[in-house]
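Raw contents of start_26.txt, compact mmCIF, C-alpha atoms:
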```txt
# COMPACT_ATOMS: atom_id res chain seq x y z
CA MET S 15 104.13 16.04 69.86
CA VAL S 16 101.56 18.09 67.91
CA LYS S 17 98.04 16.80 68.39
CA PHE S 18 95.90 16.51 65.28
CA SER S 19 92.56 18.30 65.04
CA ARG S 20 90.14 18.21 62.13
CA ALA S 21 89.07 21.74 63.06
CA ILE S 22 92.52 23.13 62.40
CA ALA S 23 93.64 22.85 58.80
CA GLY S 24 97.31 22.95 58.02
CA VAL S 25 98.63 21.54 61.26
CA THR S 26 101.71 19.50 60.45
CA VAL S 27 102.02 15.94 61.69
CA SER S 28 105.16 16.76 63.64
CA ALA S 29 108.03 19.16 63.30
CA ALA S 30 110.27 16.14 62.99
CA LEU S 31 108.35 15.02 59.92
CA VAL S 32 108.65 18.28 58.01
CA LEU S 33 111.49 18.33 55.47
CA ALA S 34 111.70 21.68 53.74
CA ALA S 35 113.83 20.26 50.95
CA VAL S 36 111.05 18.04 49.69
CA ALA S 37 107.88 19.75 50.93
CA GLY S 38 105.91 21.71 48.39
CA PRO S 39 106.69 25.47 48.23
CA ALA S 40 104.45 27.90 50.04
CA ALA S 41 101.65 29.35 47.91
CA ALA S 42 102.92 32.34 45.99
CA VAL S 43 101.42 35.72 46.93
CA ASP S 44 100.43 37.71 43.82
CA GLU S 45 101.43 41.30 44.59
CA ALA S 46 100.34 43.93 42.07
CA SER S 47 102.97 46.39 40.80
CA PRO S 48 102.74 49.94 42.20
CA SER S 49 100.28 52.08 40.21
CA PRO S 50 100.24 55.88 39.96
CA SER S 51 96.49 55.81 40.55
CA ALA S 52 94.72 54.25 43.50
CA SER S 53 93.07 50.93 42.76
CA PRO S 54 91.44 48.30 44.96
CA THR S 55 93.55 45.34 45.97
CA ALA S 56 92.68 42.27 43.90
CA THR S 57 90.90 39.53 45.80
CA PRO S 58 92.88 36.26 45.61
CA THR S 59 91.12 33.45 43.76
CA PRO S 60 90.26 30.62 46.18
CA SER S 61 91.99 27.32 45.51
CA ALA S 62 89.97 24.43 44.12
CA SER S 63 90.20 22.55 47.39
CA ALA S 64 88.97 25.58 49.32
CA THR S 65 85.87 25.99 47.14
CA ALA S 66 85.02 22.32 46.58
CA GLN S 67 82.23 20.76 48.57
CA PRO S 68 83.11 18.30 51.34
CA CYS S 69 83.25 14.73 50.09
CA SER S 70 81.91 12.27 52.63
CA ALA S 71 83.20 8.76 53.32
CA ASN S 72 80.33 8.01 55.70
CA THR S 73 78.57 5.47 53.52
CA ALA S 74 81.73 3.48 52.82
CA MET S 75 82.72 3.58 56.50
CA ALA S 76 79.30 2.36 57.59
CA ASN S 77 79.58 -0.88 55.61
CA PRO S 78 78.87 -3.71 58.11
CA ASP S 79 81.50 -5.88 56.39
CA LEU S 80 84.11 -3.60 58.01
CA ALA S 81 82.97 -4.88 61.43
CA LYS S 82 84.67 -2.68 64.05
CA LEU S 83 86.47 -0.05 61.99
CA TYR S 84 89.62 1.85 62.88
CA ALA S 85 90.85 4.45 60.37
CA TYR S 86 93.03 7.55 60.21
CA VAL S 87 93.70 9.72 57.15
CA VAL S 88 95.94 12.77 56.85
CA ASN S 89 96.48 15.27 54.05
CA VAL S 90 100.23 14.89 53.58
CA GLU S 91 100.82 18.46 52.42
CA THR S 92 98.83 20.30 55.08
CA GLY S 93 98.84 17.83 57.94
CA GLU S 94 95.06 18.12 58.27
CA VAL S 95 93.38 15.07 59.76
CA LEU S 96 90.57 14.12 57.39
CA ILE S 97 89.36 10.90 59.01
CA ASN S 98 89.71 9.87 62.64
CA GLU S 99 87.74 6.73 63.43
CA ARG S 100 89.19 5.27 66.65
CA GLY S 101 92.52 6.65 65.47
CA THR S 102 94.14 6.54 68.90
CA TYR S 103 92.69 3.17 69.90
CA GLN S 104 94.84 0.05 69.96
CA THR S 105 94.12 -2.67 67.43
CA PRO S 106 95.87 -5.84 66.29
CA SER S 107 97.99 -5.06 63.26
CA ALA S 108 98.46 -8.12 61.04
CA SER S 109 101.15 -7.59 58.40
CA VAL S 110 100.79 -3.80 58.40
CA LEU S 111 103.25 -4.11 61.29
CA LYS S 112 105.92 -4.93 58.72
CA VAL S 113 106.19 -1.26 57.77
CA LEU S 114 107.65 -0.61 61.23
CA SER S 115 110.27 -3.35 60.94
CA VAL S 116 111.22 -2.28 57.43
CA SER S 117 111.43 1.37 58.54
CA ALA S 118 113.76 0.37 61.38
CA ALA S 119 116.03 -1.43 58.92
CA LEU S 120 116.06 1.62 56.65
CA THR S 121 116.99 3.70 59.69
CA TYR S 122 119.70 1.55 61.24
CA LEU S 123 121.26 -0.42 58.39
CA PRO S 124 123.27 0.94 55.45
CA THR S 125 121.71 0.32 52.05
CA ASP S 126 124.60 -1.95 51.02
CA TYR S 127 124.34 -4.11 54.16
CA LYS S 128 124.61 -7.85 53.45
CA ALA S 129 124.36 -11.03 55.52
CA THR S 130 127.44 -13.23 55.25
CA THR S 131 127.68 -16.99 55.75
CA LYS S 132 131.23 -18.01 56.67
CA VAL S 133 133.29 -21.19 56.74
CA PHE S 134 136.23 -21.46 59.15
CA THR S 135 138.99 -23.98 59.69
CA VAL S 136 140.23 -24.82 63.17
CA PRO S 137 144.02 -24.84 63.79
CA GLY S 138 145.13 -28.13 65.29
CA GLU S 139 142.05 -29.89 63.94
CA PRO S 140 142.75 -30.31 60.20
CA GLY S 141 139.51 -32.19 59.50
CA THR S 142 137.22 -29.72 61.30
CA ILE S 143 135.38 -26.80 59.73
CA VAL S 144 132.76 -24.37 61.04
CA LEU S 145 129.69 -23.30 59.08
CA LYS S 146 128.75 -20.00 60.74
CA GLY S 147 125.40 -18.49 59.85
CA GLY S 148 125.18 -14.75 59.38
CA GLY S 149 121.41 -14.54 59.26
CA ASP S 150 120.92 -15.18 55.53
CA HIS S 151 117.54 -16.85 55.11
CA THR S 152 117.98 -16.76 51.32
CA LEU S 153 120.93 -19.20 51.25
CA SER S 154 119.48 -21.80 48.90
CA GLN S 155 119.82 -25.49 48.16
CA VAL S 156 118.26 -24.86 44.74
CA THR S 157 120.67 -25.27 41.84
CA LYS S 158 121.24 -22.60 39.23
CA ASP S 159 118.65 -24.25 36.99
CA GLY S 160 115.93 -23.94 39.63
CA PHE S 161 113.86 -21.01 40.78
CA THR S 162 113.93 -20.04 44.42
CA THR S 163 111.63 -17.64 46.25
CA TYR S 164 114.35 -15.06 46.69
CA GLU S 165 115.86 -12.93 43.94
CA ARG S 166 119.47 -13.82 43.09
CA ALA S 167 119.76 -15.85 46.29
CA THR S 168 123.10 -17.14 47.50
CA ARG S 169 123.57 -20.83 46.62
CA MET S 170 124.77 -23.67 48.80
CA PHE S 171 126.62 -25.29 45.89
CA THR S 172 128.54 -22.02 45.33
CA LEU S 173 129.70 -22.00 48.94
CA ALA S 174 130.68 -25.68 48.73
CA ASN S 175 132.70 -25.01 45.57
CA LYS S 176 134.52 -22.22 47.38
CA VAL S 177 135.46 -24.64 50.14
CA TYR S 178 136.78 -27.10 47.55
CA SER S 179 138.85 -24.37 45.89
CA ASN S 180 140.41 -23.26 49.17
CA TRP S 181 140.88 -26.66 50.84
CA THR S 182 144.59 -27.40 51.39
CA ALA S 183 144.50 -29.95 54.21
CA GLU S 184 145.67 -33.46 53.37
CA VAL S 185 142.70 -35.02 55.15
CA PRO S 186 138.98 -34.87 54.31
CA ILE S 187 136.48 -32.99 56.44
CA SER S 188 135.53 -35.14 59.41
CA LYS S 189 133.50 -32.66 61.49
CA ILE S 190 131.30 -29.68 60.65
CA ILE S 191 130.41 -27.37 63.53
CA LEU S 192 127.10 -25.55 62.89
CA ASP S 193 127.19 -22.09 64.49
CA SER S 194 123.90 -20.18 64.63
CA SER S 195 124.90 -17.79 67.43
CA PHE S 196 124.54 -14.64 65.29
CA PHE S 197 120.94 -14.50 66.53
CA SER S 198 119.97 -14.93 70.17
CA GLY S 199 116.96 -15.80 72.28
CA PRO S 200 114.12 -18.18 71.39
CA SER S 201 113.91 -19.25 67.77
CA TYR S 202 110.11 -19.56 67.76
CA ASN S 203 107.78 -16.97 69.21
CA PRO S 204 105.39 -18.21 71.92
CA ALA S 205 102.81 -15.80 70.44
CA TRP S 206 102.74 -17.85 67.23
CA LYS S 207 100.67 -20.98 66.75
CA PRO S 208 102.55 -24.23 66.05
CA SER S 209 100.42 -24.51 62.91
CA ASP S 210 101.90 -21.25 61.58
CA ARG S 211 105.09 -23.21 60.99
CA THR S 212 103.57 -26.37 59.57
CA ASN S 213 101.23 -24.34 57.36
CA GLY S 214 104.23 -22.53 55.93
CA TYR S 215 103.55 -19.05 57.29
CA ILE S 216 106.88 -18.80 59.10
CA SER S 217 109.98 -20.75 60.06
CA LYS S 218 111.96 -20.89 63.24
CA ILE S 219 114.17 -17.80 63.24
CA THR S 220 117.72 -19.14 63.24
CA ALA S 221 120.83 -17.44 61.87
CA LEU S 222 121.70 -20.58 59.92
CA GLN S 223 119.05 -21.93 57.55
CA THR S 224 118.35 -22.42 53.87
CA ASP S 225 115.44 -21.15 51.76
CA ALA S 226 113.77 -19.81 54.91
CA ASP S 227 113.54 -23.51 55.85
CA ARG S 228 111.02 -24.41 53.14
CA ALA S 229 110.80 -28.19 52.76
CA SER S 230 110.94 -28.09 48.96
CA PRO S 231 111.85 -24.56 47.87
CA ASP S 232 112.19 -24.88 44.09
CA LEU S 233 109.24 -22.99 42.61
CA SER S 234 109.82 -24.63 39.24
CA LYS S 235 109.04 -28.07 40.69
CA THR S 236 105.60 -29.60 41.21
CA ASP S 237 106.60 -30.78 44.69
CA TYR S 238 107.23 -27.23 45.95
CA SER S 239 106.31 -27.05 49.63
CA GLY S 240 106.37 -24.18 52.11
CA TYR S 241 106.26 -26.53 55.10
CA ARG S 242 108.91 -25.53 57.68
CA SER S 243 110.83 -28.00 59.82
CA THR S 244 111.61 -28.18 63.52
CA ASP S 245 115.38 -28.15 62.88
CA PRO S 246 116.48 -25.59 60.26
CA ILE S 247 120.06 -25.62 61.57
CA GLY S 248 120.45 -29.38 61.24
CA ARG S 249 118.81 -29.38 57.81
CA THR S 250 121.26 -26.74 56.61
CA GLY S 251 124.19 -28.75 57.91
CA SER S 252 122.99 -31.85 56.10
CA LEU S 253 122.50 -29.93 52.84
CA PHE S 254 125.97 -28.40 53.15
CA LYS S 255 127.53 -31.79 53.80
CA THR S 256 125.78 -33.18 50.73
CA ALA S 257 126.98 -30.24 48.62
CA LEU S 258 130.58 -30.96 49.72
CA GLY S 259 130.29 -34.48 48.31
CA GLY S 260 133.28 -36.75 48.81
CA LEU S 261 135.23 -34.10 50.71
CA ALA S 262 132.85 -34.48 53.68
CA LYS S 263 131.33 -37.89 53.03
CA LYS S 264 131.87 -39.13 56.60
CA ALA S 265 131.71 -35.76 58.38
CA LYS S 266 129.92 -35.54 61.70
CA LEU S 267 127.51 -32.61 62.22
CA VAL S 268 127.52 -30.91 65.63
CA GLU S 269 125.95 -27.66 66.78
CA GLY S 270 128.24 -25.27 68.63
CA LYS S 271 130.07 -21.95 68.55
CA THR S 272 133.09 -21.06 66.49
CA PRO S 273 136.23 -21.94 68.48
CA ALA S 274 138.62 -19.17 69.44
CA GLY S 275 141.40 -18.85 66.91
CA ALA S 276 139.37 -20.27 64.02
CA VAL S 277 140.58 -19.07 60.62
CA LEU S 278 138.26 -17.85 57.89
CA LEU S 279 138.41 -20.17 54.88
CA THR S 280 135.75 -18.64 52.65
CA SER S 281 132.37 -16.89 52.73
CA ILE S 282 129.35 -15.93 50.68
CA ALA S 283 127.27 -12.74 50.99
CA SER S 284 123.58 -12.18 50.39
CA GLN S 285 121.97 -9.58 48.18
CA PRO S 286 121.87 -6.08 49.75
CA ILE S 287 119.32 -5.55 52.51
CA THR S 288 117.28 -3.32 50.19
CA THR S 289 116.45 -6.40 48.10
CA TRP S 290 115.06 -8.06 51.20
CA LEU S 291 113.10 -4.97 52.24
CA ASP S 292 111.40 -4.70 48.87
CA HIS S 293 110.52 -8.40 48.69
CA ALA S 294 109.33 -8.66 52.30
CA THR S 295 106.98 -5.69 51.85
CA VAL S 296 105.62 -6.61 48.43
CA VAL S 297 104.86 -10.29 49.16
CA SER S 298 104.51 -10.00 52.96
CA ASP S 299 107.17 -12.60 53.77
CA ASN S 300 107.00 -13.27 57.51
CA THR S 301 110.31 -15.07 57.96
CA GLU S 302 112.16 -12.50 55.87
CA THR S 303 110.75 -9.68 57.98
CA GLU S 304 111.82 -11.37 61.21
CA PHE S 305 115.35 -11.70 59.83
CA ILE S 306 115.31 -8.04 58.80
CA ALA S 307 114.23 -6.97 62.28
CA ARG S 308 117.04 -8.95 63.91
CA HIS S 309 119.71 -7.48 61.68
CA ALA S 310 118.41 -3.99 62.46
CA ALA S 311 118.31 -4.71 66.21
CA LYS S 312 121.87 -6.01 66.12
CA ALA S 313 122.98 -2.81 64.38
CA THR S 314 121.63 -0.79 67.33
CA GLY S 315 123.75 -2.82 69.76
CA ARG S 316 120.81 -4.86 71.00
CA PRO S 317 120.60 -8.67 71.02
CA ALA S 318 119.22 -10.05 67.74
CA SER S 319 116.07 -11.39 69.41
CA PHE S 320 112.31 -10.94 69.58
CA ALA S 321 112.68 -8.88 72.76
CA SER S 322 114.72 -6.19 70.99
CA ILE S 323 112.22 -5.37 68.25
CA GLU S 324 109.75 -3.21 70.18
CA PRO S 325 112.34 -0.99 71.95
CA MET S 326 114.24 -0.55 68.69
CA VAL S 327 111.12 0.57 66.82
CA LYS S 328 110.01 2.84 69.66
CA GLU S 329 113.41 4.53 69.59
CA MET S 330 113.00 5.17 65.86
CA LEU S 331 109.48 6.55 66.29
CA THR S 332 110.57 8.83 69.12
CA ASP S 333 113.24 10.30 66.86
CA LEU S 334 110.49 10.96 64.30
CA GLY S 335 108.32 12.66 66.89
CA ILE S 336 105.67 9.93 66.79
CA ASP S 337 103.98 8.77 70.00
CA SER S 338 104.63 5.04 70.42
CA SER S 339 103.27 4.61 73.94
CA LYS S 340 100.48 2.29 72.74
CA LEU S 341 102.69 0.18 70.47
CA ILE S 342 103.12 -3.51 71.33
CA MET S 343 105.37 -5.62 69.09
CA LYS S 344 105.62 -9.28 70.02
CA ASP S 345 107.30 -9.91 66.67
CA GLY S 346 108.45 -8.03 63.60
CA SER S 347 106.12 -9.56 61.03
CA GLY S 348 102.66 -8.96 62.47
CA LEU S 349 101.78 -12.64 62.78
CA ALA S 350 101.22 -12.47 66.55
CA GLN S 351 97.64 -11.76 67.62
CA ALA S 352 98.94 -9.83 70.64
CA ASN S 353 100.58 -7.07 68.57
CA ARG S 354 98.95 -3.66 68.98
CA VAL S 355 99.20 -0.43 67.00
CA THR S 356 97.08 2.68 66.62
CA PRO S 357 95.94 3.90 63.20
CA LYS S 358 97.34 7.31 64.07
CA LEU S 359 100.84 5.90 64.66
CA ILE S 360 100.89 4.03 61.35
CA THR S 361 99.49 6.99 59.42
CA GLU S 362 102.02 9.38 60.94
CA LEU S 363 104.80 7.07 59.82
CA MET S 364 103.31 7.07 56.33
CA VAL S 365 103.19 10.87 56.36
CA SER S 366 106.92 10.89 57.00
CA VAL S 367 107.42 8.42 54.14
CA ALA S 368 105.22 10.40 51.76
CA LYS S 369 106.87 13.71 52.60
CA GLY S 370 110.18 12.29 51.43
CA ASN S 371 112.03 11.66 54.67
CA PRO S 372 115.46 10.85 53.21
CA THR S 373 115.77 7.68 55.28
CA LEU S 374 112.23 6.33 55.03
CA ALA S 375 111.14 7.51 51.57
CA PRO S 376 112.17 4.22 49.85
CA LEU S 377 109.39 2.42 51.75
CA GLU S 378 106.80 3.97 49.43
CA SER S 379 108.37 2.24 46.43
CA TYR S 380 108.22 -1.11 48.26
CA LEU S 381 104.48 -0.94 48.94
CA PRO S 382 102.05 -3.06 46.93
CA VAL S 383 100.11 -0.99 44.37
CA ALA S 384 96.44 -1.47 43.55
CA GLY S 385 96.09 -3.41 40.30
CA VAL S 386 99.85 -3.44 39.74
CA LYS S 387 101.94 -5.47 42.19
CA GLY S 388 102.13 -7.39 45.43
CA GLY S 389 99.17 -8.10 47.65
CA LEU S 390 97.10 -5.47 45.83
CA ALA S 391 97.80 -6.68 42.28
CA TYR S 392 94.42 -8.41 41.91
CA ARG S 393 92.36 -6.13 44.12
CA PHE S 394 90.45 -2.92 43.39
CA THR S 395 88.12 -4.35 40.77
CA GLY S 396 84.62 -3.39 39.64
CA LYS S 397 83.57 0.01 41.01
CA ASN S 398 86.99 0.39 42.65
CA VAL S 399 89.00 0.13 39.44
CA SER S 400 89.41 3.92 39.26
CA ALA S 401 91.89 3.79 42.16
CA ARG S 402 94.21 1.29 40.48
CA GLY S 403 97.75 2.59 40.33
CA ALA S 404 96.94 5.32 42.86
CA VAL S 405 96.45 3.39 46.09
CA LYS S 406 99.69 2.09 47.60
CA GLY S 407 99.52 0.10 50.79
CA LYS S 408 100.78 -2.71 52.97
CA THR S 409 98.16 -5.39 53.27
CA GLY S 410 97.43 -7.46 56.35
CA PHE S 411 95.36 -10.40 57.51
CA ILE S 412 95.20 -12.56 60.60
CA PRO S 413 92.09 -14.38 61.81
CA GLY S 414 89.66 -11.69 62.94
CA LEU S 415 91.39 -8.74 61.29
CA TYR S 416 92.07 -7.23 57.88
CA SER S 417 94.26 -4.16 57.43
CA LEU S 418 95.69 -1.80 54.82
CA ALA S 419 97.94 1.25 55.25
CA GLY S 420 100.01 3.43 52.99
CA VAL S 421 99.85 6.41 50.64
CA ILE S 422 97.23 7.50 48.09
CA ASP S 423 97.81 9.77 45.10
CA ALA S 424 94.29 11.17 45.12
CA ALA S 425 92.24 12.19 42.08
CA ASP S 426 92.50 15.90 42.91
CA GLY S 427 96.31 15.79 43.02
CA SER S 428 96.57 15.71 46.79
CA ARG S 429 98.48 13.01 48.64
CA LEU S 430 96.93 11.17 51.55
CA ALA S 431 98.52 8.97 54.20
CA TYR S 432 96.06 6.46 55.60
CA SER S 433 95.50 3.35 57.66
CA ILE S 434 92.46 1.08 57.84
CA PHE S 435 91.83 -1.79 60.26
CA ALA S 436 88.65 -3.90 60.18
CA ARG S 437 88.33 -6.05 63.28
CA THR S 438 86.05 -8.69 64.71
CA ALA S 439 84.90 -7.19 68.02
CA ASP S 440 81.83 -6.02 69.95
CA GLY S 441 79.55 -8.52 68.22
CA LYS S 442 80.70 -7.50 64.75
CA TYR S 443 82.57 -9.89 62.49
CA VAL S 444 84.88 -9.61 59.51
CA ASN S 445 84.11 -11.95 56.64
CA GLY S 446 84.97 -12.81 53.06
CA ALA S 447 83.67 -9.43 51.88
CA THR S 448 85.78 -7.37 54.27
CA ARG S 449 88.77 -7.04 51.97
CA GLY S 450 86.56 -5.62 49.23
CA ALA S 451 84.95 -3.22 51.70
CA ILE S 452 88.39 -1.93 52.63
CA ASP S 453 89.14 -1.41 48.94
CA THR S 454 85.90 0.53 48.54
CA LEU S 455 86.79 2.75 51.48
CA ALA S 456 90.30 3.40 50.14
CA THR S 457 88.77 4.20 46.73
CA ARG S 458 86.55 6.78 48.43
CA PHE S 459 89.65 8.34 49.96
CA TYR S 460 91.16 8.46 46.48
CA THR S 461 88.05 10.04 44.94
CA CYS S 462 87.61 12.70 47.63
CA GLY S 463 91.23 13.64 48.10
CA ALA S 464 91.80 16.79 50.16
CA ASN S 465 88.05 17.35 50.57
CA LEU S 466 87.51 14.02 52.32
CA THR S 467 85.31 14.08 55.43
CA GLU S 468 83.62 11.51 57.61
```
Mind converting the file's structure to structure tokens?
Amino acid sequence: MVKFSRAIAGVTVSAALVLAAVAGPAAAVDEASPSPSASPTATPTPSASATAQPCSANTAMANPDLAKLYAYVVNVETGEVLINERGTYQTPSASVLKVLSVSAALTYLPTDYKATTKVFTVPGEPGTIVLKGGGDHTLSQVTKDGFTTYERATRMFTLANKVYSNWTAEVPISKIILDSSFFSGPSYNPAWKPSDRTNGYISKITALQTDADRASPDLSKTDYSGYRSTDPIGRTGSLFKTALGGLAKKAKLVEGKTPAGAVLLTSIASQPITTWLDHATVVSDNTETEFIARHAAKATGRPASFASIEPMVKEMLTDLGIDSSKLIMKDGSGLAQANRVTPKLITELMVSVAKGNPTLAPLESYLPVAGVKGGLAYRFTGKNVSARGAVKGKTGFIPGLYSLAGVIDAADGSRLAYSIFARTADGKYVNGATRGAIDTLATRFYTCGANLTE
């Protein structure tokens, strides 16, 4: 892989990242027409970036509110490394890690991919049905008059109505088998705190659940609650039984696998995966990202488990020519404190995105935008307001770390790929002002553009 050097302008991030179809054309050479009389060759006019004075980010980078700073910035067009502050050092990631999971899904899943929840009947057992989860966390108990977290989510009452419409047995439903085998491995990551679930940061990751297992998911109600349970599978079964009404009034709920020979009765499909990718990136939905990572892992032939995420992502990065030797992914969402990335790795991925890699380019449109949407909608205020609309980036926070990474449309017309991590370490501590200090640093990147220096 090509090694970056600030002393060498124009070095590309990696041959694998260069796409001639979308890269800017080479600078035109102005050749004078032949003249019958000798004349001196015209001296080319230097470009604005070549003549402009270096623009330092030193003051912004020295802000003590950034604690221990890790940062890496690349000029997308030339590949020149403009900032390298511990760029090859490992750091916890927080939710910036989500860009890796989303990129893997863009790589391994078709854009029209959907998760399907299925209902089967069992020959020889006329009162038995199977509710088989397909990994759709958006399946919702909220009625059509309510407002769920997820856009145009599949509805439990719609699936129940489909069962009613297709039910031909002369007996009611007496048993509902709950099959969550589409995913495998542990449902809760040992790297997560138990309080992450009860505080509503994440659910157990099971292939059968409703509303990402939120206790009260209707955003239009005053009793909305993001609390997650210890039994999302059982809760889903109970909600489905209730939705079936009198048809399953006395049905027994049991967890198990779909019996051999079961016959599909009906099904319901989620919105396309691209809807999930956009939402997960914009609002930083942890559960949604874990579901996304499992679907992508399954598409590569790996088990849909926590253990498959890191090797899947490393395979993708290798194909892009990005060194992933220092990457540690305990999960797909960035919630685990033990995750490790390097700023260089994240920035190189963003270079590929910004250069229009046909697979990864959509990620840029998913990123929050300063002053416009997502986690950056209400940031970049005061002296940083000039960068609103120009700084795009995935936000991140876990105790002891703030992060931001993405693409900047700089004031001079250049495009920068960047990553910033501010970490409590070596006697330095992040605090309530750290997020603003990161915004100030990103604004400096925006102001300086191609002439940015440390």
Inset, instruction - For S:Val355, work out the shell of residues within 9 Å, counting all atoms listed in the file and skipping chain neighbours fewer than 2 positions away, then give it as a PyMOL selection string. - result: chain S and resi 102-107+111+338+340-343+353+357-360
Inset, instruction - Write out as a ChimeraX atom specification which residues come within 12 Å of S:Thr172 when counting only C-alpha atoms, dropping same-chain ones fewer than 2 positions away. - result: /S:131,153-158,167-170,174-179,254,257-258,280-283
Legend entry - Selected residue, from S:Gly148, S:Gly335, S:Pro204, S:Gly160, that lies nearest to S:Tyr238 when counting all atoms listed in the file: S:Gly160
Inset, instruction - Could you please determine the separation between atom CA of S:Gly427 and atom CA of S:Gly463 in Å, to one decimal place? - result: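 A separation of 7.5 Å between them.
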Legend entry - Who sits within 8 Å of S:Gly346, all atoms listed in the file, same chain under 2 positions skipped, as a list in words: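 Neighbouring residues, sequence-local ones excluded: Leu111, Lys112, Leu114, Ser115, Thr303, Glu304, Ala307, Phe320, Ile323, Met343, Lys344 and Gly348 of chain S.
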Inset, instruction - Quick one: everything within 12 Å of S:Val116, counting all atoms listed in the file, minus sequence neighbours fewer than 3 positions away in the same chain. Send it as a ChimeraX atom specification. - result: /S:109-113,119-123,287-296,298-300,302-311,323,326-327,330,346-348,363,367,373-378,380-381,408
Inset, instruction - Select, from S:Ala81, S:Ala425, S:Leu349, S:Ala74, the residue with the minimum atom-to-atom distance to S:Ser209, counting only C-alpha atoms. - result: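 Closest candidate: S:Leu349.
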Legend entry - Option closest in space to S:Val365, from S:Lys387, S:Arg393, S:Arg429, S:Lys406 [counting all atoms listed in the file]: S:Arg429
Inset, instruction - Quick one: everything within 12 Å of stretch 264-272 of chain S, counting all atoms listed in the file, minus sequence neighbours fewer than 6 positions away in the same chain. Send it as an NGL selection string. - result: :S and (132-137 or 141-147 or 185-197 or 222 or 245-256 or 258 or 278)
Inset, instruction - Point out the residue among S:Gly420, S:Gly149, S:Pro273, S:Gly388 with the least atom-to-atom distance to S:Ala226, counting all atoms listed in the file. - result: S:Gly149
Work out where the centre of an axis-aligned box around every listed atom of stretch 136-140 of chain S lies and how long its edges are once 6 Å is added on each side; give both in Å to one decimal as lines of an AutoDock Vina configuration file.
```
center_x = 142.7
center_y = -27.6
center_z = 62.7
size_x = 16.9
size_y = 17.5
size_z = 17.1
```
Legend entry - Gap from atom CA of S:Ala456 to atom CA of S:Gln351 - Å, one decimal: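 Computing it gives 24.3 Å between the two atoms.
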Inset, instruction - Would you mind telling me which residue in S:Pro78, S:Pro231, S:Gly101, S:Pro140 lies nearest to S:Tyr432 when using all atoms listed in the file? - result: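 The answer is S:Gly101, which sits nearest to S:Tyr432.
Separating atom CA of S:Pro413 from atom CA of S:Tyr392 is a distance of 20.9 Å.
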Legend entry - Proximity to S:Asp232 - best of S:Asp159, S:Leu83, S:Asp423, S:Ala318, all atoms listed in the file: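 Residue with the minimum atom-to-atom distance to S:Asp232: S:Asp159.
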Could you model N, CA and C atoms for stretch 179-190 of chain S and present them as a short mmCIF file (atom, residue, chain, number, x, y, z; two decimals), in the coordinates of the input?
```
data_model
loop_
_atom_site.label_atom_id
_atom_site.label_comp_id
_atom_site.auth_asym_id
_atom_site.auth_seq_id
_atom_site.Cartn_x
_atom_site.Cartn_y
_atom_site.Cartn_z
N SER S 179 137.77 -25.15 46.51
CA SER S 179 138.85 -24.37 45.89
C SER S 179 139.91 -23.93 46.90
N ASN S 180 139.49 -23.76 48.16
CA ASN S 180 140.41 -23.26 49.17
C ASN S 180 140.93 -24.34 50.12
N TRP S 181 140.51 -25.59 49.92
CA TRP S 181 140.88 -26.66 50.84
C TRP S 181 142.32 -27.11 50.56
N THR S 182 143.18 -27.02 51.56
CA THR S 182 144.59 -27.40 51.39
C THR S 182 145.01 -28.52 52.33
N ALA S 183 144.15 -28.88 53.26
CA ALA S 183 144.50 -29.95 54.21
C ALA S 183 144.62 -31.28 53.47
N GLU S 184 145.44 -32.16 54.00
CA GLU S 184 145.67 -33.46 53.37
C GLU S 184 144.67 -34.51 53.83
N VAL S 185 143.73 -34.09 54.66
CA VAL S 185 142.70 -35.02 55.15
C VAL S 185 141.33 -34.47 54.75
N PRO S 186 140.34 -35.35 54.62
CA PRO S 186 138.98 -34.87 54.31
C PRO S 186 138.35 -34.21 55.53
N ILE S 187 137.22 -33.62 55.34
CA ILE S 187 136.48 -32.99 56.44
C ILE S 187 135.79 -34.08 57.25
N SER S 188 136.08 -34.10 58.54
CA SER S 188 135.53 -35.14 59.41
C SER S 188 134.49 -34.58 60.39
N LYS S 189 134.48 -33.26 60.57
CA LYS S 189 133.50 -32.66 61.49
C LYS S 189 133.11 -31.27 60.98
N ILE S 190 131.81 -31.01 61.03
CA ILE S 190 131.30 -29.68 60.65
C ILE S 190 130.54 -29.12 61.85
#
```
